[in-house]
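K.L.:
I am attaching a structure below and will ask some questions about it afterwards.
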There are 2 protein chains.
Amino acid sequence: MSKFDEIIKRSGYSRATVSRVINRSPHVSDEARRIITEIMNELDYIPNRNAVSLSTGQTKQIGIVTAMIDELSLTFINQFMDTAMDYGFQTIVYMSRGDQQTEMQAFEDLRSKRVDGLLIVTCVNDPHELKSYMHYGPIISWQRMGNDDIPSVAMDQAQGYRLALEHLVSKGYIRIANVFGRSGSLNTHSRREAYEKFMNSRGLPVWREAYQYSVFSSSDGEAAFRHMMEQGERPQAVLCSNDYAAIGIMSEARRQGIRVPEQLAIVGFDDTELSRVLELTTIHNPIAEQAKQAFYHLWRVLGKERLELMPTALDYRLIERKTT
Amino acid sequence: MSKFDEIIKRSGYSRATVSRVINRSPHVSDEARRIITEIMNELDYIPNRNAVSLSTGQTKQIGIVTAMIDELSLTFINQFMDTAMDYGFQTIVYMSRGDQQTEMQAFEDLRSKRVDGLLIVTCVNDPHELKSYMHYGPIISWQRMGNDDIPSVAMDQAQGYRLALEHLVSKGYIRIANVFGRSGSLNTHSRREAYEKFMNSRGLPVWREAYQYSVFSSSDGEAAFRHMMEQGERPQAVLCSNDYAAIGIMSEARRQGIRVPEQLAIVGFDDTELSRVLELTTIHNPIAEQAKQAFYHLWRVLGKERLELMPTALDYRLIERKTT
């Protein structure tokens with residue numbers, strides 16, 4: 001006798017009722033659920049709910065590849081997951097902590113059809129090497145890839161950076177310190193170039209000595225500000241890698257008795273919830289919209305259907321609050 | 001001819017060199033790597049690196065089950081992943097967004113030996129129903145489970161909450177508003193009970209009318225504070241669900257011209273990085289240590305070896321800063 005039949009026999013319930021309990025249907029009495037679940041446990045019976053749909057060949061699962069998760073990527077990932085769920089897709093996160101071998105797991109799972117498609121948030125393998133996996137299913141990236149091997153929903157941050165620069169210079173802040181993220185990243189390169197071009201175009205001095213890198217968190221921001229003070233020449237404004245770094249700078253500046261924005265202007269980046277709560281001037285980064293577009297891309301390729309929601313052009317916006 | 005042999009033939013390199021490139025060994029010249037990778041791409045050759053170890057029967061993968069990721073669980077998850085990596089384990093995150101069916105994927109993967117063990121951060125299925133999966137591999141939980149079906153590294157938050165209460169009352173704050181997280185959770189129950197017992201033991205009034213629930217983020221904290229002001233009777237102190245809620249309350253209070261801590265004391269919970277940067281009095285929650293202990297538990301069961309690092313007793317601590 002199969003375990004399934006054994007459950008029917010022991011419980012005294014019908015095949016339909018047992019099946020409903022196993023498939024977690026709500027249309028079953030609490031009493032029946034309790035009794036049948038207990039017998040399932042006694043028999044160590046676990047139904048296999050993890051099957052590929054035979055009609056579509058899809059698993060309805062999407063893999064998310066990322067080196068790590070921080071507050072910012074969390075916003076992106078959460079929005080992507082919400083959108084995916086709206087369309088009936090589950091998600092699974094592969095976090096590599098920067099290890100190439102670990103990251104390959106996700107791509108192997110695409111090959112073996114364990115997932116239908118992949119979203120790359122950040123990846124550490126060479127995109128050129130990953131390209132061939134696109135034969136097995138769609139791949140979309142949030143990270144800028146630096147070439148066309150894998151499509152990306154990334155935006156050029158130079159546009160947002162220029163908004164911040166125009167705002168600062170129009171308010172009379174000239175001596176601007178730049179606090180960047182990862183020194184070798186495409187985003188840092190874009191921002192640095194935007195700053196230098198902008199200053200040159202206005203005939204203003206480019207202050208390379210004040211560049212700082214690897215400033216990600218609020219603690220990093222505090223340290224970066226202390227370093228500026230030790231260097232002697234105080235900036236009139238600081239343009240930050242993200243809102244968290246800006247919060248650290250704002251907090252440390254106030255602790256040192258420096259008035260914001262009278263003596264020091266601060267501009268964050270991303271327009272996170274905390275930047276609003278703490279009244280930080282920042283650049284709105286349409287992260288949630290990018291996440292939706294990333295899903296729509298995968299969906300179009302997988303569903304082979306026209307999606308009514310067409311991607312809209314995304315823009316950065318300056319959000320002026322109390323720190324400039 | 002197999003694709004592997006084809007690569008050897010086309011590249012002119014030895015079997016050993018081709019194998020090293022495929023297995024990402026660093027001991028190979030850039031030139032060889034470039035040529036062999038190109039041929040791999042031409043041939044659409046993708047080696048299968050995703051194999052169960054035949055010697056141990058382990059995949060060296062651990063699944064992490066969670067309903068969602070917020071800043072707090074992120075601290076826990078990141079520490080767990082770091083520890084797992086130190087011991088040669090990879091991790092994969094199953095995020096359910098609160099959907100029971102989605103969550104079961106992780107447990108099915110434990111059954112099919114796709115992962116060696118599971119860490120539950122938060123789960124939405126009934127622990128009693130999940131229990132039988134422990135036959136297939138170790139499971140450990142961060143969330144309090146409310147029974148002994150699945151082992152947990154959770155701590156009773158009442159201890160931490162009492163520290164905050166003693167601190168506030170010793171400083172003369174009597175009219176204390178409590179701002180909680182999820183209304184039905186075991187943690188909220190523990191905290192509320194700790195507050196009521198503490199106040200009763202000191203012969204002080206219990207202020208149930210000021211309870212607020214579902215206050216998680218800094219925005220929630222702002223709204224909670226506005227609600228308090230509308231209610232008329234202003235609290236002398238607010239005890240918060242977490243540091244983010246506390247930051248929102250602090251920010252909104254200052255915006256309304258209320259001096260912290262002279263007119264309003266605020267105590268957070270968890271001792272996050274931002275609480276230090278923003279000088280918030282809070283309760284240190286040994287999250288990182290809990291994450292390590294969770295991994296050690298899985299490792300002991302999987303490795304069947306004695307771990308030299310024995311779990312230490314974990315404690316909450318009061319961290320007094322500038323908001324009390």
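Please note that chains go A, B, ... in the order of the structure tokens, that every chain numbers its residues from 1, and that ligands are numbered from 1 in the order shown.
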Hey, which bits of chain B sit within 6 Å of chain A, and for each residue what's the closest pair of atoms and how far apart in Å (one decimal), counting only C-alpha atoms, rows by chain and increasing number, as CSV?
P.N.:
```
residue,atom,partner,partner_atom,distance
B:Ile92,CA,A:Tyr94,CA,5.1
B:Val93,CA,A:Val93,CA,4.8
B:Tyr94,CA,A:Ile92,CA,5.1
```
K.L.:
Got time to write the residues from that selection, C-alpha atoms, as a short mmCIF file (atom, residue, chain, number, x, y, z; two decimals), in the first residue's frame?
P.N.:
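Saved the output as again_1.cif:
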```
data_model
loop_
_atom_site.label_atom_id
_atom_site.label_comp_id
_atom_site.auth_asym_id
_atom_site.auth_seq_id
_atom_site.Cartn_x
_atom_site.Cartn_y
_atom_site.Cartn_z
CA ILE B 92 21.30 29.85 -1.26
CA VAL B 93 18.44 32.09 -0.11
CA TYR B 94 14.79 31.09 -0.47
#
```
K.L.:
Residues at most 10 Å from Gly146 in chain B, counting only C-alpha atoms, excluding those fewer than 6 positions away in the same chain, as a list in words?
P.N.:
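Everything that qualifies: Pro127, Ser152, Ser185 and Leu186 of chain B.
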K.L.:
Using backbone DSSP assignments, extract all helix (DSSP H, G or I) residues from range 49-109 of chain A; output them as a ChimeraX atom specification.
P.N.:
/A:71-86,100-109
K.L.:
Go ahead and dump the residues you just picked, C-alpha atoms, as a PDB file, in the first residue's frame.
P.N.:
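Wrote result-v8.pdb, looks like this:
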```pdb
ATOM      1  CA  GLU A  71      20.409  48.261   1.854  1.00  0.00           C
ATOM      2  CA  LEU A  72      20.417  49.506  -1.712  1.00  0.00           C
ATOM      3  CA  SER A  73      20.372  46.209  -3.571  1.00  0.00           C
ATOM      4  CA  LEU A  74      17.726  45.097  -1.092  1.00  0.00           C
ATOM      5  CA  THR A  75      15.363  47.749  -2.473  1.00  0.00           C
ATOM      6  CA  PHE A  76      15.998  46.465  -5.971  1.00  0.00           C
ATOM      7  CA  ILE A  77      15.659  42.789  -5.024  1.00  0.00           C
ATOM      8  CA  ASN A  78      12.489  43.275  -2.989  1.00  0.00           C
ATOM      9  CA  GLN A  79      10.806  45.162  -5.829  1.00  0.00           C
ATOM     10  CA  PHE A  80      11.899  42.542  -8.354  1.00  0.00           C
ATOM     11  CA  MET A  81      10.488  39.767  -6.162  1.00  0.00           C
ATOM     12  CA  ASP A  82       7.176  41.565  -5.731  1.00  0.00           C
ATOM     13  CA  THR A  83       6.829  42.024  -9.466  1.00  0.00           C
ATOM     14  CA  ALA A  84       7.827  38.421 -10.164  1.00  0.00           C
ATOM     15  CA  MET A  85       5.236  37.185  -7.689  1.00  0.00           C
ATOM     16  CA  ASP A  86       2.561  39.286  -9.360  1.00  0.00           C
ATOM     17  CA  GLN A 100      33.466  32.982  -8.723  1.00  0.00           C
ATOM     18  CA  GLN A 101      32.903  29.281  -8.197  1.00  0.00           C
ATOM     19  CA  THR A 102      29.933  29.887  -5.899  1.00  0.00           C
ATOM     20  CA  GLU A 103      28.409  32.245  -8.423  1.00  0.00           C
ATOM     21  CA  MET A 104      28.548  29.618 -11.178  1.00  0.00           C
ATOM     22  CA  GLN A 105      25.962  27.580  -9.291  1.00  0.00           C
ATOM     23  CA  ALA A 106      23.250  29.936 -10.508  1.00  0.00           C
ATOM     24  CA  PHE A 107      24.319  29.603 -14.127  1.00  0.00           C
ATOM     25  CA  GLU A 108      24.512  25.831 -13.824  1.00  0.00           C
ATOM     26  CA  ASP A 109      20.983  25.888 -12.473  1.00  0.00           C
TER      27      ASP A 109
END
```
K.L.:
I'd like the contact shell of Ile8 in chain A - 10 Å cut-off, only C-alpha atoms, skipping same-chain residues fewer than 5 positions apart - returned as a list of chain:residue names.
P.N.:
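Everything that qualifies: A:Lys3, A:Tyr13, A:Ser14, A:Arg15, A:Ala16, A:Thr17, A:Val18, A:Ser19, A:Ile36, A:Ile39.
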K.L.:
Leaving out Val206 in chain A and any residue of its chain fewer than 3 positions from it, which residues lie within 10 Å of it when counting only C-alpha atoms, given as a PyMOL selection string?
P.N.:
chain A and resi 174-177+195-200+203+209-210
K.L.:
Measuring atom to atom with only C-alpha atoms, identify which of B:Gln159, B:Asn285, B:Thr323, B:Ser190 is nearest to Leu264 in chain B.
P.N.:
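Result for the nearest residue to Leu264 in chain B: B:Thr323.
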K.L.:
I'd like the contact shell of Asp220 in chain B - 8 Å cut-off, only C-alpha atoms, skipping same-chain residues fewer than 5 positions apart - returned as a short mmCIF file (atom, residue, chain, number, x, y, z; two decimals) with all heavy atoms, in the first residue's frame.
P.N.:
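Result file follows (result09.cif):
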```cif
data_model
loop_
_atom_site.label_atom_id
_atom_site.label_comp_id
_atom_site.auth_asym_id
_atom_site.auth_seq_id
_atom_site.Cartn_x
_atom_site.Cartn_y
_atom_site.Cartn_z
N SER B 214 3.13 47.16 14.50
CA SER B 214 3.55 47.22 13.09
C SER B 214 4.41 48.43 12.79
O SER B 214 4.29 49.05 11.74
CB SER B 214 2.33 47.21 12.16
OG SER B 214 1.63 46.01 12.30
N VAL B 215 5.26 48.78 13.72
CA VAL B 215 6.19 49.90 13.51
C VAL B 215 7.56 49.29 13.24
O VAL B 215 8.23 48.80 14.15
CB VAL B 215 6.23 50.84 14.73
CG1 VAL B 215 7.17 52.02 14.48
CG2 VAL B 215 4.83 51.33 15.07
N ALA B 245 12.94 52.35 13.66
CA ALA B 245 11.75 53.02 14.20
C ALA B 245 12.19 54.17 15.10
O ALA B 245 11.62 55.27 15.05
CB ALA B 245 10.90 52.02 14.97
N GLY B 248 13.27 57.23 13.19
CA GLY B 248 12.10 57.96 12.69
C GLY B 248 11.46 58.80 13.78
O GLY B 248 11.09 59.96 13.54
#
```
K.L.:
For CA of Asn178 in chain A and CA of Asp271 in chain A, quote the distance in Å rounded to one decimal.
P.N.:
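Taking CA of Asn178 in chain A and CA of Asp271 in chain A, their separation equals 17.8 Å.
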